[in-house]
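The structure appears below as structure tokens.
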There are 2 protein chains.
Amino acid sequence: MPHLWQCQGVRRPDTTAGAVRQGSLRELNLAVVLGRIAAAERPPSRAELAAETGLTRATVSAVVEDLVTGRLVAEAEPTPRTGAGRPARGLVLADDGPAGLGLEINVDYLAACVVDLGGRVRHHTVRRADLRPVSPAETLARLVELAAQARADAANQGLTLAGAALAVPGLVDDAGLVRLAPNLGWRDVPVPALLAGHPPLTERIDGVPPLVVDNEANLAALGELHAGPPGPASFLHISGEVGIGAGIVLDGDLFRGARGWSGEIGHIPVRPEGRPCRCGGRGCLERYAGQEAVLAAAGLAGADLPADSAAARLAELAGAGDPAALRALHDAGTALGVAVAAVVNLLDLDTVVLGGGYAPLARWLCPPVLAEISARVLTAAWSPVTVRPATLGATAAAVGAAGSVVRRIVARPGGWLARAS
Amino acid sequence: MPHLWQCQGVRRPDTTAGAVRQGSLRELNLAVVLGRIAAAERPPSRAELAAETGLTRATVSAVVEDLVTGRLVAEAEPTPRTGAGRPARGLVLADDGPAGLGLEINVDYLAACVVDLGGRVRHHTVRRADLRPVSPAETLARLVELAAQARADAANQGLTLAGAALAVPGLVDDAGLVRLAPNLGWRDVPVPALLAGHPPLTERIDGVPPLVVDNEANLAALGELHAGPPGPASFLHISGEVGIGAGIVLDGDLFRGARGWSGEIGHIPVRPEGRPCRCGGRGCLERYAGQEAVLAAAGLAGADLPADSAAARLAELAGAGDPAALRALHDAGTALGVAVAAVVNLLDLDTVVLGGGYAPLARWLCPPVLAEISARVLTAAWSPVTVRPATLGATAAAVGAAGSVVRRIVARPGGWLARAS
């Protein structure tokens with residue numbers, strides 16, 4: 001027996017179908033107009049939007065009114081008049097509408113950030129702590145505190161959180177179950193169930209899942225993809241933390257693999273008979289170029305520095321010419337270069353971005369990585385590979401997480417508007 | 001000043017546009033009907049084609065007549081009548097129409113094969129010779145002899161070669177220039193220029209490039225993708241010859257990388273400080289699992305066996321329990337497993353196909369490959385990886401090359417029909 005609402009219109013299938021098409025058309029027009037406003041280099045007027053989209057001016061005006069009422073779009077400050085008559089008001093993404101909450105759990109810190117529709121970071125907090133001895137439930141409880149602060153700060157700025165995404169340094173399935181996060185010691189942690197009852201994260205919003213849990217390296221790669229001016233559409237983004245993960249971006253999309261487990265560059269064997277790894281394997285890249293290995297090689301073992309402090313301390317020492325730090329970074333870069341050479345031989349990517357804790361160390365890591373590429377990649381002589389530091393560095397995963405929420409709203413504004421109205 | 005033919009119809013743009021649309025529609029109908037006949041499990045009748053495609057019976061009849069006239073489709077032998085009335089005649093791909101010529105240059109053999117529209121191999125010749133001391137021009141001259149024999153044999157069977165594809169064990173650019181084939185000692189060999197004047201390969205056919213040159217591992221992966229019943233849409237196909245190449249198939253398509261150089265698994269470093277490689281690197285997989293390394297480890301160095309003989313000889317020895325052969329295959333499988341573990345950690349592929357000379361040795365190679373995957377792939381415990389021998393083995397590249405020609409015709413039959421009419 002179908003539900004009652006499904007029976008409506010059974011006698012008038014054409015009308016029903018027409019109504020559905022009408023609804024879809026409105027959704028499409030909202031998305032098209034909002035997408036043009038988001039992509040424009042300077043605030044477009046309604047007339048310009050009509051010309052660019054092929055919609056009538058009346059349709060554009062109606063769509064813009066819906067977007068303004070729903071706090072997705074605002075009138076820009078008037079520009080100085082350049083000709084006769086009243087200057088047309090340009091339209092911009094609202095800076096007091098919906099926003100995305102980005103969260104990150106890493107081995108030695110928690111982070112929360114809020115990104116508005118235009119991609120601006122409006123709030124960012126990092127709380128440092130070694131989370132390896134902390135239970136998953138307690139870690140998530142601390143994360144909820146950070147999220148509550150972020151929500152309060154967002155509300156003070158007139159923003160409404162429209163969804164959240166959480167980055168974890170491990171393998172996450174579609175239901176948000178963290179199958180394995182070796183450096184945290186997590187195995188089969190049901191994040192959504194543990195978070196149930198924490199309103200800032202789980203409040204349901206029409207059409208927007210309240211919380212998406214994803215791999216940290218994937219979200220960092222997405223953060224980098226959308227940071228700053230458009231860069232290459234395909235690249236490898238490496239997040240160097242205690243663990244080392246990669247996000248593979250192909251033609252502007254994240255490549256997730258057959259089952260969503262792609263990008264585990266930290267467990268590429270670079271010394272197959274070498275040091276044992278937490279994953280059970282031997283000679284994994286992490287054991288030679290992960291944060292702990294580099295700190296130990298630089299004589300800083302046990303200094304217990306959080307990721308960005310560790311990178312800053314290494315950069316300071318290397319900048320001052322400290323031989324142990326320089327040697328440690330050279331050896332880490334060489335190991336990283338062996339793994340990167342394997343990736344480039346396999347995938348023929350022309351851009352490698354060093355992110356996370358690697359970003360501030362790129363000055364010392366890039367030369368040995370490039371040397372290994374040059375020696376080991378078959379096509380290196382005529383197809384050069386660019387290796388560069390990430391734009392976002394250590395904040396990429398949280399910013400990428402928050403950005404993924406607002407990009408979903410810009411791509412499909414109907415869900416947000418249905419809730420806002 | 002535009003060419004004369006471009007001026008036709010300038011005064012009647014609507015009619016011209018209508019004619020163009022009409023032409024495109026015919027192309028589309030030809031491709032749709034031919035595609036259904038190609039994909040059908042048993043020969044469909046015209047009435048069934050009309051029902052399946054939504055075209056009118058009159059349109060289907062006209063399209064089928066064009067396809068039969070152009071020797072792309074034939075009437076099947078009548079099936080025994082199952083009811084009253086005259087049984088409908090089923091339609092099949094013609095076995096005396098256009099065919100594809102597939103060619104392969106490898107380190108120690110040349111091959112030519114002819115595949116008909118239905119994917120049946122109608123001719124296959126392998127000529128063994130160590131081609132390393134032979135110049136590219138002489139190698140291509142010998143290949144043309146093989147191609148001429150293949151064409152004559154095809155003609156005897158009523159087939160017409162509609163195009164050719166050539167597999168080479170190296171890196172090929174869009175213009176057919178072989179940038180590098182390290183095991184052949186080729187560098188910047190302009191194959192199309194060297195072949196100019198050899199009619200069997202270069203005869204120009206409307207809409208079909210006369211010769212496509214491509215990487216051997218790519219064509220072998222395509223051969224495997226289309227061999228036999230549909231398998232997984234994403235897999236890694238490894239061609240084990242003197243060199244080792246891979247074809248990465250993602251969602252039924254070959255992944256070629258940013259510049260077309262993907263799949264160089266043979267140069268993934270598996271012992272970074274290990275044996276020097278012809279590519280200039282050290283410790284490449286080829287030095288541990290390539291044909292020469294395995295033969296040497298089995299005590300067969302200098303036996304100078306061609307690829308399939310080498311594999312057959314190793315299989316014979318291993319089958320008889322020869323300890324040196326068993327150890328050589330175990331060590332090669334372990335090295336291969338280290339590289340495959342790197343690929344699976346990176347790309348999360350769930351199927352690995354051992355092709356080329358590896359296919360007949362899979363019984364001995366699979367266990368160590370699986371052991372390395374199990375020890376080194378982070379997700380192996382809950383996301384198993386299948387490792388299996390290829391269906392085609394050593395013939396995959398030439399068959400894949402010929403198949404790529406006929407698949408182009410089935411996908412876009414208009415070009416062939418324009419020429420045939």
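By convention in this document, the chains of the structure tokens carry letters A, B, ... by their order, each chain's residues are numbered from 1, and ligands are numbered from 1 in the order they are shown.
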Can you superpose chain A onto chain B by least squares over all C-alpha atoms paired in order and give the moved copy as a compact mmCIF listing (two decimals) with C-alpha atoms, in the first residue's frame?
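New file out.txt:
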```txt
# COMPACT_ATOMS: atom_id res chain seq x y z
CA MET A 1 38.27 32.97 -48.37
CA PRO A 2 36.34 29.84 -47.46
CA HIS A 3 36.39 26.74 -49.63
CA LEU A 4 33.62 26.46 -52.19
CA TRP A 5 31.77 23.65 -50.48
CA GLN A 6 31.63 25.64 -47.28
CA CYS A 7 29.67 28.33 -49.17
CA GLN A 8 26.93 25.97 -50.20
CA GLY A 9 23.68 26.60 -48.47
CA VAL A 10 24.72 29.89 -46.94
CA ARG A 11 21.43 31.36 -48.13
CA ARG A 12 19.48 28.50 -46.68
CA PRO A 13 20.95 27.96 -43.27
CA ASP A 14 17.87 26.17 -41.89
CA THR A 15 17.77 23.67 -44.71
CA THR A 16 21.48 23.04 -44.39
CA ALA A 17 21.19 22.59 -40.65
CA GLY A 18 18.22 20.25 -41.21
CA ALA A 19 20.26 18.21 -43.64
CA VAL A 20 23.11 17.99 -41.15
CA ARG A 21 20.72 16.87 -38.45
CA GLN A 22 19.27 14.30 -40.85
CA GLY A 23 22.77 13.00 -41.54
CA SER A 24 23.59 12.84 -37.84
CA LEU A 25 20.32 11.05 -37.15
CA ARG A 26 21.09 8.41 -39.76
CA GLU A 27 24.57 7.94 -38.20
CA LEU A 28 22.98 7.61 -34.79
CA ASN A 29 20.39 5.07 -35.96
CA LEU A 30 23.07 3.02 -37.70
CA ALA A 31 25.18 3.00 -34.54
CA VAL A 32 22.22 2.19 -32.27
CA VAL A 33 20.99 -0.74 -34.37
CA LEU A 34 24.48 -2.11 -34.98
CA GLY A 35 25.28 -1.78 -31.28
CA ARG A 36 22.18 -3.80 -30.33
CA ILE A 37 23.08 -6.53 -32.82
CA ALA A 38 26.65 -6.61 -31.47
CA ALA A 39 25.51 -6.83 -27.84
CA ALA A 40 22.63 -9.30 -28.32
CA GLU A 41 22.95 -12.74 -26.77
CA ARG A 42 21.10 -14.34 -29.70
CA PRO A 43 20.45 -12.90 -33.20
CA PRO A 44 17.64 -10.32 -32.89
CA SER A 45 14.95 -9.93 -35.55
CA ARG A 46 14.05 -6.58 -37.12
CA ALA A 47 10.88 -6.54 -35.04
CA GLU A 48 12.84 -7.10 -31.85
CA LEU A 49 15.28 -4.34 -32.79
CA ALA A 50 12.34 -1.97 -33.36
CA ALA A 51 10.87 -2.85 -29.97
CA GLU A 52 14.22 -2.43 -28.19
CA THR A 53 15.28 0.81 -29.85
CA GLY A 54 11.93 2.59 -30.14
CA LEU A 55 12.54 3.13 -33.86
CA THR A 56 9.76 2.36 -36.33
CA ARG A 57 9.94 -0.97 -38.16
CA ALA A 58 10.34 0.88 -41.44
CA THR A 59 13.36 2.78 -40.07
CA VAL A 60 14.89 -0.41 -38.68
CA SER A 61 14.40 -2.16 -42.04
CA ALA A 62 16.07 0.72 -43.91
CA VAL A 63 18.96 0.87 -41.43
CA VAL A 64 19.44 -2.91 -41.57
CA GLU A 65 19.47 -2.79 -45.36
CA ASP A 66 22.28 -0.21 -45.25
CA LEU A 67 24.20 -2.35 -42.76
CA VAL A 68 23.75 -5.53 -44.84
CA THR A 69 24.75 -3.73 -48.06
CA GLY A 70 27.82 -2.38 -46.29
CA ARG A 71 28.77 -5.91 -45.11
CA LEU A 72 28.48 -5.02 -41.44
CA VAL A 73 25.48 -7.26 -40.76
CA ALA A 74 24.22 -10.55 -42.18
CA GLU A 75 21.13 -12.69 -41.83
CA ALA A 76 21.75 -15.53 -39.39
CA GLU A 77 21.03 -19.09 -40.42
CA PRO A 78 17.30 -19.63 -39.86
CA THR A 79 16.48 -21.03 -36.44
CA PRO A 80 14.04 -23.96 -36.16
CA ARG A 81 10.49 -22.63 -36.09
CA THR A 82 9.01 -22.44 -32.62
CA GLY A 83 5.47 -21.38 -33.45
CA ALA A 84 3.13 -20.80 -36.33
CA GLY A 85 4.19 -18.84 -39.42
CA ARG A 86 7.52 -18.14 -41.05
CA PRO A 87 10.32 -17.77 -38.47
CA ALA A 88 11.84 -14.28 -38.31
CA ARG A 89 15.43 -14.13 -39.57
CA GLY A 90 17.88 -13.06 -36.88
CA LEU A 91 20.69 -10.60 -37.59
CA VAL A 92 24.35 -11.09 -36.74
CA LEU A 93 27.58 -9.14 -37.28
CA ALA A 94 28.99 -10.06 -40.68
CA ASP A 95 31.90 -12.46 -40.68
CA ASP A 96 32.97 -11.39 -44.19
CA GLY A 97 32.95 -7.62 -43.81
CA PRO A 98 35.51 -5.21 -42.40
CA ALA A 99 38.17 -6.49 -40.02
CA GLY A 100 40.87 -5.01 -37.83
CA LEU A 101 44.58 -5.62 -38.26
CA GLY A 102 46.46 -5.85 -34.96
CA LEU A 103 50.23 -5.69 -34.93
CA GLU A 104 52.77 -6.00 -32.16
CA ILE A 105 56.45 -5.29 -31.91
CA ASN A 106 58.00 -6.71 -28.77
CA VAL A 107 61.57 -7.27 -27.68
CA ASP A 108 61.75 -10.82 -28.99
CA TYR A 109 58.88 -11.24 -31.41
CA LEU A 110 56.64 -9.62 -34.00
CA ALA A 111 52.96 -10.51 -34.23
CA ALA A 112 50.07 -9.83 -36.58
CA CYS A 113 46.47 -10.78 -36.18
CA VAL A 114 43.14 -10.12 -37.84
CA VAL A 115 39.94 -9.83 -35.83
CA ASP A 116 36.52 -9.72 -37.48
CA LEU A 117 33.56 -7.56 -36.45
CA GLY A 118 32.34 -10.19 -33.99
CA GLY A 119 35.71 -10.24 -32.22
CA ARG A 120 36.80 -13.61 -33.63
CA VAL A 121 40.53 -14.01 -34.33
CA ARG A 122 40.73 -14.99 -38.01
CA HIS A 123 44.48 -14.87 -38.46
CA HIS A 124 47.39 -14.88 -36.05
CA THR A 125 51.11 -15.08 -36.76
CA VAL A 126 54.03 -14.68 -34.39
CA ARG A 127 57.54 -14.37 -35.77
CA ARG A 128 60.26 -14.82 -33.16
CA ALA A 129 63.51 -12.91 -33.29
CA ASP A 130 65.60 -10.88 -30.87
CA LEU A 131 64.87 -7.40 -32.17
CA ARG A 132 67.29 -5.51 -29.91
CA PRO A 133 70.14 -5.60 -32.46
CA VAL A 134 67.75 -4.78 -35.36
CA SER A 135 67.21 -1.16 -36.48
CA PRO A 136 63.72 0.35 -36.14
CA ALA A 137 63.45 0.69 -39.94
CA GLU A 138 64.35 -2.97 -40.50
CA THR A 139 61.99 -4.05 -37.70
CA LEU A 140 59.15 -2.12 -39.30
CA ALA A 141 59.99 -3.56 -42.74
CA ARG A 142 59.67 -7.07 -41.29
CA LEU A 143 56.41 -6.06 -39.64
CA VAL A 144 55.04 -4.88 -42.99
CA GLU A 145 55.78 -8.34 -44.45
CA LEU A 146 53.73 -9.89 -41.65
CA ALA A 147 50.98 -7.35 -42.23
CA ALA A 148 50.91 -8.13 -45.97
CA GLN A 149 50.53 -11.83 -45.23
CA ALA A 150 47.74 -11.03 -42.79
CA ARG A 151 45.98 -8.90 -45.38
CA ALA A 152 46.24 -11.63 -48.01
CA ASP A 153 44.88 -14.22 -45.59
CA ALA A 154 42.06 -11.87 -44.59
CA ALA A 155 41.19 -11.28 -48.28
CA ASN A 156 41.12 -15.04 -48.87
CA GLN A 157 38.50 -15.25 -46.12
CA GLY A 158 36.46 -12.46 -47.71
CA LEU A 159 37.47 -9.86 -45.12
CA THR A 160 38.58 -6.28 -45.78
CA LEU A 161 41.06 -4.62 -43.45
CA ALA A 162 39.46 -1.40 -42.26
CA GLY A 163 42.33 -0.10 -40.15
CA ALA A 164 45.30 -1.19 -38.10
CA ALA A 165 46.71 -0.65 -34.64
CA LEU A 166 50.27 -1.34 -33.58
CA ALA A 167 51.39 -2.22 -30.06
CA VAL A 168 54.94 -1.29 -29.03
CA PRO A 169 56.59 -1.86 -25.65
CA GLY A 170 57.25 1.79 -25.01
CA LEU A 171 55.89 5.31 -24.66
CA VAL A 172 54.05 6.58 -27.74
CA ASP A 173 52.76 10.10 -28.32
CA ASP A 174 49.58 11.10 -30.15
CA ALA A 175 51.39 11.36 -33.49
CA GLY A 176 52.72 7.79 -33.28
CA LEU A 177 56.23 8.85 -32.28
CA VAL A 178 57.78 6.25 -29.98
CA ARG A 179 59.47 8.48 -27.44
CA LEU A 180 61.18 5.69 -25.57
CA ALA A 181 61.12 1.89 -25.63
CA PRO A 182 64.03 1.09 -23.31
CA ASN A 183 64.11 -2.66 -23.79
CA LEU A 184 64.16 -2.27 -27.59
CA GLY A 185 66.68 0.55 -27.35
CA TRP A 186 64.31 2.85 -29.29
CA ARG A 187 64.25 6.58 -28.70
CA ASP A 188 62.20 9.07 -30.75
CA VAL A 189 61.31 6.63 -33.54
CA PRO A 190 58.74 8.20 -35.95
CA VAL A 191 56.80 5.05 -36.80
CA PRO A 192 54.29 6.61 -39.26
CA ALA A 193 57.08 8.26 -41.25
CA LEU A 194 59.07 5.02 -41.40
CA LEU A 195 55.97 3.17 -42.57
CA ALA A 196 55.07 5.69 -45.28
CA GLY A 197 54.73 3.92 -48.58
CA HIS A 198 53.71 0.55 -47.13
CA PRO A 199 50.16 0.27 -48.50
CA PRO A 200 48.80 -2.44 -46.21
CA LEU A 201 49.29 -0.17 -43.24
CA THR A 202 48.87 3.33 -44.54
CA GLU A 203 46.02 3.15 -47.06
CA ARG A 204 43.75 5.94 -45.94
CA ILE A 205 40.17 5.09 -45.10
CA ASP A 206 37.52 7.77 -44.59
CA GLY A 207 37.06 8.53 -40.94
CA VAL A 208 39.39 5.78 -39.79
CA PRO A 209 43.02 6.60 -39.13
CA PRO A 210 45.04 4.06 -41.09
CA LEU A 211 47.33 3.14 -38.22
CA VAL A 212 47.16 3.87 -34.52
CA VAL A 213 50.36 3.27 -32.56
CA ASP A 214 49.87 2.63 -28.86
CA ASN A 215 51.58 1.23 -25.81
CA GLU A 216 51.60 -2.58 -25.70
CA ALA A 217 50.37 -2.77 -22.09
CA ASN A 218 47.46 -0.43 -22.87
CA LEU A 219 46.31 -2.50 -25.84
CA ALA A 220 46.76 -5.75 -23.90
CA ALA A 221 44.54 -4.38 -21.12
CA LEU A 222 41.90 -3.42 -23.71
CA GLY A 223 42.20 -6.92 -25.22
CA GLU A 224 41.58 -8.43 -21.80
CA LEU A 225 38.68 -6.03 -21.11
CA HIS A 226 36.83 -7.23 -24.20
CA ALA A 227 37.86 -10.91 -24.07
CA GLY A 228 35.19 -13.36 -23.04
CA PRO A 229 32.20 -12.52 -20.84
CA PRO A 230 32.10 -9.10 -19.14
CA GLY A 231 34.36 -9.00 -16.09
CA PRO A 232 35.02 -6.21 -13.59
CA ALA A 233 34.91 -2.69 -15.04
CA SER A 234 38.04 -1.62 -13.15
CA PHE A 235 41.23 -3.63 -12.94
CA LEU A 236 44.99 -3.54 -13.28
CA HIS A 237 46.34 -5.63 -16.17
CA ILE A 238 50.05 -6.41 -15.97
CA SER A 239 51.94 -7.52 -19.08
CA GLY A 240 55.00 -9.46 -18.00
CA GLU A 241 57.54 -9.65 -20.82
CA VAL A 242 61.18 -8.56 -20.96
CA GLY A 243 59.71 -5.29 -19.79
CA ILE A 244 56.72 -5.05 -17.48
CA GLY A 245 53.87 -2.69 -18.34
CA ALA A 246 50.42 -2.15 -16.91
CA GLY A 247 47.10 -0.99 -18.28
CA ILE A 248 44.84 0.68 -15.73
CA VAL A 249 41.18 0.16 -16.62
CA LEU A 250 38.77 2.39 -14.65
CA ASP A 251 35.02 2.02 -15.23
CA GLY A 252 35.55 0.24 -18.53
CA ASP A 253 37.96 2.84 -19.92
CA LEU A 254 41.71 2.93 -20.11
CA PHE A 255 43.22 5.53 -17.77
CA ARG A 256 46.05 7.12 -19.75
CA GLY A 257 47.27 9.81 -17.35
CA ALA A 258 47.90 13.51 -17.82
CA ARG A 259 50.01 13.05 -20.94
CA GLY A 260 49.37 9.45 -21.94
CA TRP A 261 52.33 7.88 -20.11
CA SER A 262 50.51 5.98 -17.39
CA GLY A 263 51.07 2.34 -16.45
CA GLU A 264 54.87 2.16 -16.16
CA ILE A 265 54.72 -0.34 -13.31
CA GLY A 266 57.98 -1.93 -14.47
CA HIS A 267 59.83 1.13 -13.22
CA ILE A 268 58.25 1.29 -9.78
CA PRO A 269 61.23 1.01 -7.44
CA VAL A 270 60.94 -2.20 -5.40
CA ARG A 271 64.54 -2.14 -4.09
CA PRO A 272 65.38 1.58 -4.23
CA GLU A 273 69.11 0.99 -3.77
CA GLY A 274 69.09 -2.15 -5.88
CA ARG A 275 70.13 -3.20 -9.37
CA PRO A 276 70.62 -0.50 -12.01
CA CYS A 277 67.96 -0.45 -14.74
CA ARG A 278 68.13 0.40 -18.46
CA CYS A 279 65.87 3.38 -17.69
CA GLY A 280 68.64 5.00 -15.62
CA GLY A 281 66.94 4.30 -12.29
CA ARG A 282 67.78 1.66 -9.68
CA GLY A 283 65.86 -1.28 -8.27
CA CYS A 284 62.99 -1.11 -10.78
CA LEU A 285 60.50 -3.99 -10.70
CA GLU A 286 61.72 -5.14 -14.13
CA ARG A 287 65.12 -5.98 -12.72
CA TYR A 288 63.51 -8.48 -10.31
CA ALA A 289 60.41 -9.76 -12.09
CA GLY A 290 61.12 -9.16 -15.79
CA GLN A 291 61.71 -12.15 -18.04
CA GLU A 292 65.50 -11.85 -18.03
CA ALA A 293 65.72 -11.61 -14.24
CA VAL A 294 63.50 -14.66 -13.74
CA LEU A 295 65.36 -16.74 -16.33
CA ALA A 296 68.70 -15.84 -14.75
CA ALA A 297 67.43 -16.71 -11.27
CA ALA A 298 66.15 -20.04 -12.60
CA GLY A 299 69.57 -20.85 -14.06
CA LEU A 300 68.42 -20.25 -17.64
CA ALA A 301 70.42 -17.06 -18.30
CA GLY A 302 71.49 -16.78 -21.90
CA ALA A 303 69.00 -19.47 -22.98
CA ASP A 304 67.67 -16.74 -25.27
CA LEU A 305 64.13 -18.02 -25.22
CA PRO A 306 61.31 -15.89 -26.67
CA ALA A 307 58.68 -14.68 -24.22
CA ASP A 308 56.11 -17.43 -24.55
CA SER A 309 58.79 -20.15 -24.82
CA ALA A 310 60.49 -18.72 -21.74
CA ALA A 311 57.22 -18.83 -19.83
CA ALA A 312 56.50 -22.34 -21.10
CA ARG A 313 59.99 -23.55 -20.13
CA LEU A 314 59.67 -22.02 -16.64
CA ALA A 315 56.20 -23.54 -16.22
CA GLU A 316 57.57 -26.93 -17.26
CA LEU A 317 60.44 -26.74 -14.77
CA ALA A 318 58.27 -25.43 -11.94
CA GLY A 319 55.62 -28.05 -12.68
CA ALA A 320 58.33 -30.71 -12.33
CA GLY A 321 59.36 -29.25 -8.96
CA ASP A 322 62.68 -27.75 -10.08
CA PRO A 323 63.89 -25.87 -6.96
CA ALA A 324 65.68 -23.08 -8.86
CA ALA A 325 62.64 -22.37 -11.03
CA LEU A 326 60.32 -22.44 -8.03
CA ARG A 327 62.58 -20.08 -6.09
CA ALA A 328 62.92 -17.75 -9.10
CA LEU A 329 59.14 -17.55 -9.52
CA HIS A 330 58.60 -17.04 -5.80
CA ASP A 331 61.11 -14.18 -5.71
CA ALA A 332 59.65 -12.61 -8.86
CA GLY A 333 56.15 -12.88 -7.41
CA THR A 334 57.33 -11.25 -4.19
CA ALA A 335 58.86 -8.31 -6.07
CA LEU A 336 55.71 -8.07 -8.20
CA GLY A 337 53.64 -8.16 -5.00
CA VAL A 338 55.56 -5.20 -3.54
CA ALA A 339 54.73 -3.12 -6.64
CA VAL A 340 51.13 -4.36 -6.75
CA ALA A 341 50.72 -3.49 -3.05
CA ALA A 342 51.86 0.06 -3.86
CA VAL A 343 49.28 0.26 -6.67
CA VAL A 344 46.43 -1.12 -4.55
CA ASN A 345 47.28 1.16 -1.60
CA LEU A 346 47.18 4.06 -4.02
CA LEU A 347 44.24 3.22 -6.31
CA ASP A 348 42.15 0.70 -4.35
CA LEU A 349 41.63 -1.63 -7.32
CA ASP A 350 40.05 -4.96 -6.42
CA THR A 351 41.23 -7.02 -9.39
CA VAL A 352 44.74 -7.63 -10.69
CA VAL A 353 45.17 -9.60 -13.92
CA LEU A 354 48.52 -11.24 -14.69
CA GLY A 355 48.97 -11.10 -18.45
CA GLY A 356 51.56 -11.61 -21.17
CA GLY A 357 54.27 -14.08 -20.11
CA TYR A 358 52.88 -14.02 -16.55
CA ALA A 359 49.60 -15.72 -17.56
CA PRO A 360 50.97 -19.29 -17.85
CA LEU A 361 53.02 -18.74 -14.68
CA ALA A 362 50.14 -17.41 -12.58
CA ARG A 363 49.90 -20.65 -10.60
CA TRP A 364 53.30 -19.87 -9.05
CA LEU A 365 53.15 -16.07 -9.11
CA CYS A 366 49.73 -15.52 -7.52
CA PRO A 367 50.54 -16.87 -4.01
CA PRO A 368 53.53 -14.56 -3.32
CA VAL A 369 51.69 -11.59 -4.91
CA LEU A 370 48.71 -12.24 -2.63
CA ALA A 371 51.02 -12.65 0.38
CA GLU A 372 52.54 -9.19 -0.23
CA ILE A 373 49.09 -7.64 -0.74
CA SER A 374 47.91 -9.22 2.48
CA ALA A 375 50.94 -7.95 4.44
CA ARG A 376 51.18 -4.48 2.87
CA VAL A 377 47.75 -3.24 1.80
CA LEU A 378 46.03 -1.35 4.57
CA THR A 379 42.53 -2.47 3.58
CA ALA A 380 43.37 -6.07 2.62
CA ALA A 381 41.72 -7.53 5.74
CA TRP A 382 38.22 -6.40 4.77
CA SER A 383 38.53 -5.52 1.08
CA PRO A 384 40.04 -8.55 -0.64
CA VAL A 385 41.90 -8.27 -3.91
CA THR A 386 41.56 -10.90 -6.64
CA VAL A 387 44.71 -11.83 -8.54
CA ARG A 388 44.13 -14.01 -11.59
CA PRO A 389 45.75 -14.99 -14.90
CA ALA A 390 44.70 -13.16 -18.06
CA THR A 391 42.37 -14.83 -20.52
CA LEU A 392 44.48 -13.92 -23.54
CA GLY A 393 48.03 -14.04 -22.19
CA ALA A 394 50.79 -13.40 -24.70
CA THR A 395 48.39 -12.64 -27.59
CA ALA A 396 46.52 -9.90 -25.74
CA ALA A 397 48.27 -6.86 -27.22
CA ALA A 398 47.86 -7.86 -30.88
CA VAL A 399 44.27 -9.04 -30.31
CA GLY A 400 43.52 -5.87 -28.32
CA ALA A 401 44.99 -3.77 -31.14
CA ALA A 402 42.86 -5.45 -33.81
CA GLY A 403 39.81 -5.35 -31.55
CA SER A 404 40.23 -1.60 -31.05
CA VAL A 405 39.85 -1.14 -34.82
CA VAL A 406 36.61 -3.12 -35.11
CA ARG A 407 35.13 -1.56 -31.96
CA ARG A 408 35.61 1.85 -33.58
CA ILE A 409 33.68 0.65 -36.64
CA VAL A 410 30.83 -0.77 -34.55
CA ALA A 411 30.66 2.47 -32.53
CA ARG A 412 30.66 4.70 -35.64
CA PRO A 413 29.65 2.64 -38.67
CA GLY A 414 29.00 5.70 -40.86
CA GLY A 415 32.65 6.13 -41.82
CA TRP A 416 32.98 2.57 -43.05
CA LEU A 417 29.68 2.71 -44.95
CA ALA A 418 30.64 5.96 -46.68
CA ARG A 419 33.76 4.21 -47.95
CA ALA A 420 32.06 0.90 -48.78
CA SER A 421 29.27 2.52 -50.83
```
Practice task
Among the residues of range 132-292 of chain B, find those DSSP assigns to strand (DSSP E or B) from the backbone and print them as a PyMOL selection string.
Solution key: chain B and resi 160-168+171-172+177-181+186-190+205+208+211-215+235-240+244-250+253-254+269+276+282+284
Exercise for the section: Could you please write out, as a PyMOL selection string, every residue of range 47-214 of chain A that DSSP assigns to helix (DSSP H, G or I)? Expected result: chain A and resi 47-53+57-69+136-156+191-195+199-202
